[in-house]
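The structure file upload_16.cif is reproduced below (mmCIF, C-alpha atoms and all ligand atoms; chains and numbers go by the auth columns).
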```
data_data
#
loop_
_atom_site.group_PDB
_atom_site.id
_atom_site.type_symbol
_atom_site.label_atom_id
_atom_site.label_comp_id
_atom_site.label_asym_id
_atom_site.label_seq_id
_atom_site.Cartn_x
_atom_site.Cartn_y
_atom_site.Cartn_z
_atom_site.B_iso_or_equiv
_atom_site.auth_seq_id
_atom_site.auth_asym_id
ATOM 1 C CA MET A 1 -178.429 -199.864 -13.551 0.00 1 V
ATOM 2 C CA HIS A 2 -177.872 -197.483 -10.637 0.00 2 V
ATOM 3 C CA THR A 3 -176.254 -194.045 -10.642 0.00 3 V
ATOM 4 C CA ILE A 4 -174.069 -192.395 -8.017 0.00 4 V
ATOM 5 C CA ASN A 5 -173.659 -188.648 -8.410 0.00 5 V
ATOM 6 C CA VAL A 6 -170.256 -187.247 -7.508 0.00 6 V
ATOM 7 C CA ARG A 7 -169.384 -183.573 -7.132 0.00 7 V
ATOM 8 C CA THR A 8 -165.628 -183.058 -7.376 0.00 8 V
ATOM 9 C CA GLY A 9 -163.980 -180.055 -5.774 0.00 9 V
ATOM 10 C CA LYS A 10 -160.584 -179.796 -7.422 0.00 10 V
ATOM 11 C CA ARG A 11 -159.029 -180.301 -10.858 0.00 11 V
ATOM 12 C CA VAL A 12 -157.413 -183.524 -9.653 0.00 12 V
ATOM 13 C CA ASP A 13 -159.153 -185.333 -6.857 0.00 13 V
ATOM 14 C CA MET A 14 -159.726 -188.855 -5.551 0.00 14 V
ATOM 15 C CA ILE A 15 -163.059 -189.303 -3.791 0.00 15 V
ATOM 16 C CA ASP A 16 -163.896 -192.368 -1.717 0.00 16 V
ATOM 17 C CA ILE A 17 -167.199 -193.777 -3.035 0.00 17 V
ATOM 18 C CA THR A 18 -167.108 -197.046 -1.085 0.00 18 V
ATOM 19 C CA ASN A 19 -170.026 -196.147 1.190 0.00 19 V
ATOM 20 C CA GLU A 20 -172.156 -194.896 -1.722 0.00 20 V
ATOM 21 C CA THR A 21 -171.435 -198.089 -3.662 0.00 21 V
ATOM 22 C CA GLN A 22 -172.261 -200.284 -0.669 0.00 22 V
ATOM 23 C CA ALA A 23 -175.497 -198.290 -0.243 0.00 23 V
ATOM 24 C CA VAL A 24 -176.507 -199.154 -3.831 0.00 24 V
ATOM 25 C CA VAL A 25 -175.905 -202.858 -3.125 0.00 25 V
ATOM 26 C CA ARG A 26 -177.933 -202.658 0.097 0.00 26 V
ATOM 27 C CA ALA A 27 -180.819 -200.694 -1.438 0.00 27 V
ATOM 28 C CA ALA A 28 -181.090 -203.215 -4.264 0.00 28 V
ATOM 29 C CA GLY A 29 -181.250 -206.088 -1.780 0.00 29 V
ATOM 30 C CA PHE A 30 -178.413 -207.674 -3.740 0.00 30 V
ATOM 31 C CA ALA A 31 -176.789 -210.603 -1.910 0.00 31 V
ATOM 32 C CA ASP A 32 -174.283 -212.449 -4.066 0.00 32 V
ATOM 33 C CA GLY A 33 -172.563 -211.704 -7.351 0.00 33 V
ATOM 34 C CA ILE A 34 -170.481 -209.021 -8.981 0.00 34 V
ATOM 35 C CA CYS A 35 -170.747 -205.271 -8.577 0.00 35 V
ATOM 36 C CA VAL A 36 -169.502 -203.442 -11.654 0.00 36 V
ATOM 37 C CA VAL A 37 -168.555 -199.795 -11.086 0.00 37 V
ATOM 38 C CA PHE A 38 -168.225 -197.836 -14.332 0.00 38 V
ATOM 39 C CA VAL A 39 -167.258 -194.213 -14.969 0.00 39 V
ATOM 40 C CA PRO A 40 -168.895 -192.810 -18.150 0.00 40 V
ATOM 41 C CA HIS A 41 -166.419 -189.955 -18.634 0.00 41 V
ATOM 42 C CA THR A 42 -163.200 -189.483 -20.611 0.00 42 V
ATOM 43 C CA THR A 43 -161.276 -187.428 -18.048 0.00 43 V
ATOM 44 C CA ALA A 44 -162.156 -189.353 -14.882 0.00 44 V
ATOM 45 C CA GLY A 45 -161.706 -192.951 -13.786 0.00 45 V
ATOM 46 C CA VAL A 46 -162.138 -195.374 -10.918 0.00 46 V
ATOM 47 C CA THR A 47 -159.613 -197.336 -8.901 0.00 47 V
ATOM 48 C CA ILE A 48 -159.317 -199.334 -5.690 0.00 48 V
ATOM 49 C CA ASN A 49 -156.627 -198.438 -3.174 0.00 49 V
ATOM 50 C CA GLU A 50 -155.849 -197.675 0.436 0.00 50 V
ATOM 51 C CA ASN A 51 -158.430 -195.705 2.385 0.00 51 V
ATOM 52 C CA ALA A 52 -156.665 -195.761 5.751 0.00 52 V
ATOM 53 C CA ASP A 53 -153.798 -193.325 5.205 0.00 53 V
ATOM 54 C CA PRO A 54 -154.878 -190.303 3.108 0.00 54 V
ATOM 55 C CA SER A 55 -151.261 -189.674 2.080 0.00 55 V
ATOM 56 C CA VAL A 56 -151.512 -192.687 -0.257 0.00 56 V
ATOM 57 C CA VAL A 57 -154.172 -190.971 -2.358 0.00 57 V
ATOM 58 C CA ARG A 58 -152.147 -187.768 -2.296 0.00 58 V
ATOM 59 C CA ASP A 59 -149.058 -189.646 -3.488 0.00 59 V
ATOM 60 C CA ILE A 60 -151.010 -191.237 -6.352 0.00 60 V
ATOM 61 C CA THR A 61 -152.344 -187.923 -7.677 0.00 61 V
ATOM 62 C CA THR A 62 -149.020 -186.149 -7.167 0.00 62 V
ATOM 63 C CA THR A 63 -147.092 -188.861 -8.990 0.00 63 V
ATOM 64 C CA LEU A 64 -149.564 -188.977 -11.893 0.00 64 V
ATOM 65 C CA SER A 65 -149.211 -185.205 -12.258 0.00 65 V
ATOM 66 C CA GLU A 66 -145.411 -185.519 -12.225 0.00 66 V
ATOM 67 C CA LEU A 67 -145.502 -188.249 -14.881 0.00 67 V
ATOM 68 C CA ILE A 68 -148.022 -186.517 -17.152 0.00 68 V
ATOM 69 C CA SER A 69 -147.562 -182.775 -17.290 0.00 69 V
ATOM 70 C CA GLU A 70 -150.541 -180.476 -17.780 0.00 70 V
ATOM 71 C CA ASP A 71 -148.778 -178.514 -20.531 0.00 71 V
ATOM 72 C CA GLY A 72 -147.081 -181.139 -22.687 0.00 72 V
ATOM 73 C CA SER A 73 -146.840 -180.853 -26.484 0.00 73 V
ATOM 74 C CA TYR A 74 -150.382 -182.087 -26.978 0.00 74 V
ATOM 75 C CA THR A 75 -152.554 -181.597 -30.075 0.00 75 V
ATOM 76 C CA HIS A 76 -156.031 -181.970 -28.499 0.00 76 V
ATOM 77 C CA SER A 77 -157.593 -178.506 -28.716 0.00 77 V
ATOM 78 C CA GLU A 78 -159.549 -178.743 -25.464 0.00 78 V
ATOM 79 C CA GLY A 79 -156.335 -178.337 -23.463 0.00 79 V
ATOM 80 C CA ASN A 80 -157.005 -181.249 -21.125 0.00 80 V
ATOM 81 C CA SER A 81 -154.964 -184.025 -22.710 0.00 81 V
ATOM 82 C CA ASP A 82 -153.203 -184.789 -19.440 0.00 82 V
ATOM 83 C CA ALA A 83 -156.614 -185.573 -17.934 0.00 83 V
ATOM 84 C CA HIS A 84 -157.509 -187.926 -20.804 0.00 84 V
ATOM 85 C CA ILE A 85 -154.181 -189.759 -20.436 0.00 85 V
ATOM 86 C CA LYS A 86 -154.442 -190.078 -16.645 0.00 86 V
ATOM 87 C CA ALA A 87 -158.009 -191.386 -16.929 0.00 87 V
ATOM 88 C CA SER A 88 -156.946 -194.063 -19.422 0.00 88 V
ATOM 89 C CA MET A 89 -154.083 -195.109 -17.162 0.00 89 V
ATOM 90 C CA ILE A 90 -156.398 -195.498 -14.156 0.00 90 V
ATOM 91 C CA GLY A 91 -159.188 -197.109 -16.183 0.00 91 V
ATOM 92 C CA PHE A 92 -162.945 -196.688 -16.262 0.00 92 V
ATOM 93 C CA SER A 93 -164.307 -199.670 -14.365 0.00 93 V
ATOM 94 C CA GLN A 94 -163.807 -201.971 -11.417 0.00 94 V
ATOM 95 C CA GLN A 95 -165.468 -205.236 -10.438 0.00 95 V
ATOM 96 C CA ILE A 96 -166.019 -206.115 -6.799 0.00 96 V
ATOM 97 C CA ILE A 97 -167.277 -209.445 -5.465 0.00 97 V
ATOM 98 C CA VAL A 98 -170.432 -209.209 -3.333 0.00 98 V
ATOM 99 C CA GLU A 99 -171.163 -211.844 -0.695 0.00 99 V
ATOM 100 C CA ASN A 100 -174.006 -211.753 1.820 0.00 100 V
ATOM 101 C CA GLY A 101 -174.847 -208.236 0.657 0.00 101 V
ATOM 102 C CA LYS A 102 -171.374 -206.859 1.352 0.00 102 V
ATOM 103 C CA LEU A 103 -168.711 -205.622 -1.033 0.00 103 V
ATOM 104 C CA GLN A 104 -165.716 -207.893 -0.559 0.00 104 V
ATOM 105 C CA LEU A 105 -162.903 -205.396 -0.229 0.00 105 V
ATOM 106 C CA GLY A 106 -159.647 -205.910 1.607 0.00 106 V
ATOM 107 C CA THR A 107 -159.240 -204.373 5.058 0.00 107 V
ATOM 108 C CA TRP A 108 -157.448 -201.299 3.738 0.00 108 V
ATOM 109 C CA GLN A 109 -159.207 -200.990 0.389 0.00 109 V
ATOM 110 C CA GLY A 110 -161.637 -198.314 -0.738 0.00 110 V
ATOM 111 C CA ILE A 111 -163.210 -197.519 -4.121 0.00 111 V
ATOM 112 C CA TYR A 112 -162.043 -194.156 -5.441 0.00 112 V
ATOM 113 C CA PHE A 113 -163.579 -191.947 -8.087 0.00 113 V
ATOM 114 C CA CYS A 114 -160.596 -190.257 -9.772 0.00 114 V
ATOM 115 C CA GLU A 115 -161.175 -186.752 -11.122 0.00 115 V
ATOM 116 C CA PHE A 116 -158.596 -185.374 -13.528 0.00 116 V
ATOM 117 C CA ASP A 117 -160.401 -182.359 -15.025 0.00 117 V
ATOM 118 C CA GLY A 118 -162.575 -180.978 -12.263 0.00 118 V
ATOM 119 C CA PRO A 119 -164.280 -179.520 -10.518 0.00 119 V
ATOM 120 C CA ARG A 120 -167.354 -181.012 -12.173 0.00 120 V
ATOM 121 C CA SER A 121 -170.558 -182.904 -11.542 0.00 121 V
ATOM 122 C CA ARG A 122 -169.906 -186.519 -12.422 0.00 122 V
ATOM 123 C CA GLN A 123 -171.697 -189.842 -12.523 0.00 123 V
ATOM 124 C CA VAL A 124 -170.743 -193.368 -11.617 0.00 124 V
ATOM 125 C CA TRP A 125 -172.819 -196.217 -13.012 0.00 125 V
ATOM 126 C CA VAL A 126 -173.248 -199.364 -10.937 0.00 126 V
ATOM 127 C CA LYS A 127 -174.503 -202.676 -12.334 0.00 127 V
ATOM 128 C CA LEU A 128 -175.151 -205.679 -10.125 0.00 128 V
ATOM 129 C CA LEU A 129 -174.676 -209.078 -11.792 0.00 129 V
ATOM 130 C CA GLY A 130 -176.246 -211.978 -9.932 0.00 130 V
HETATM 131 ZN ZN ZN B . -160.631 -183.139 -23.887 0.00 201 V
#
```
Please re-express this file's structure in structure tokens.
Amino acid sequence: MHTINVRTGKRVDMIDITNETQAVVRAAGFADGICVVFVPHTTAGVTINENADPSVVRDITTTLSELISEDGSYTHSEGNSDAHIKASMIGFSQQIIVENGKLQLGTWQGIYFCEFDGPRSRQVWVKLLG
């Protein structure tokens, strides 16, 4: 298993980790199979979406925050229930096909670490399945 360290800068943030993930694949000399990207946190997740127009990422985080308010009638004492809910909606893992050592992503796709309770130091675990 490989680890990517991510430092998030805001409470809610989407950080493109495509290059870091591709670097793990390259460093491992991994040619063909599946790359599993897993986020071992309860208030962060991982998704794949457009990395060409940054307003897409902004629209995703803005809409999630509109749908799930920070100060709802939650019972969780930590005060970050919105972050837990957003993380579960986004999900905690992605699988990307690897061929000839390259992540097979669509032209406009990037892998995004999704922070919902930052800023924090986070980890992403990567497992390569041949
Ligand atoms: Zn909590």
As a PyMOL selection string, please: the residues near Asp16 (chain V) (cut-off 9 Å, only C-alpha atoms, same-chain neighbours under 5 positions excluded). chain V and resi 51+110-114
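Atom pair CA of Leu105 (chain V) / CA of Asn49 (chain V) has a distance of 9.8 Å (rounded to one decimal).
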Rank nothing, just name the residue among V:Pro54, V:Gly79, V:Gly91, V:Pro119 nearest to Val39 (chain V), using only C-alpha atoms. V:Gly91
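Comparing V:Phe92, V:Phe38, V:Phe30, V:Phe116 by their smallest distance to ligand ZN 201 (chain V), the closest is V:Phe116 (using only C-alpha atoms and all ligand atoms).
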Selection as a PDB file with C-alpha atoms, in the frame of the given file: residues within 10 Å of ligand ZN 201 (chain V) by only C-alpha atoms and all ligand atoms:
```pdb
ATOM      1  CA  THR V  42    -163.200-189.483 -20.611  1.00  0.00           C
ATOM      2  CA  THR V  43    -161.276-187.428 -18.048  1.00  0.00           C
ATOM      3  CA  HIS V  76    -156.031-181.970 -28.499  1.00  0.00           C
ATOM      4  CA  SER V  77    -157.593-178.506 -28.716  1.00  0.00           C
ATOM      5  CA  GLU V  78    -159.549-178.743 -25.464  1.00  0.00           C
ATOM      6  CA  GLY V  79    -156.335-178.337 -23.463  1.00  0.00           C
ATOM      7  CA  ASN V  80    -157.005-181.249 -21.125  1.00  0.00           C
ATOM      8  CA  SER V  81    -154.964-184.025 -22.710  1.00  0.00           C
ATOM      9  CA  ASP V  82    -153.203-184.789 -19.440  1.00  0.00           C
ATOM     10  CA  ALA V  83    -156.614-185.573 -17.934  1.00  0.00           C
ATOM     11  CA  HIS V  84    -157.509-187.926 -20.804  1.00  0.00           C
ATOM     12  CA  ILE V  85    -154.181-189.759 -20.436  1.00  0.00           C
ATOM     13  CA  ASP V 117    -160.401-182.359 -15.025  1.00  0.00           C
TER      14      ASP V 117
END
```
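Restricting the calculation to only C-alpha atoms, the smallest distance between Thr61 (chain V) and any of V:Ala23, V:Ile90, V:Ile17, V:Cys35 is found for V:Ile90.
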CA of Ala87 (chain V) and CA of Ile48 (chain V), how far apart in Å? 13.8 Å
Could you check the closest approach to Arg11 (chain V) for each of V:Val24, V:Glu70, V:Leu128, V:Val37 and tell me which residue wins, using only C-alpha atoms? V:Glu70
Determine the residue membership of the PyMOL selection byres (((chain V and resi 124) around 12) and not hetatm) for the file above and supply it as an NGL selection string. :V and (1-7 or 15 or 17-18 or 20-21 or 24 or 36-41 or 44-46 or 92-94 or 111-115 or 121-123 or 125-127)
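Here CA of Asn19 (chain V) stands at a distance of 27.1 Å from CA of Ser65 (chain V).
With distances restricted to only C-alpha atoms, V:Gln109 is the closest residue to Thr47 (chain V) from V:Asn100, V:Gln22, V:Thr8, V:Gln109.
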Minimum-distance residue to Val56 (chain V), chosen among V:Trp108, V:Asp32, V:Lys102, V:Asp71 (using only C-alpha atoms): V:Trp108
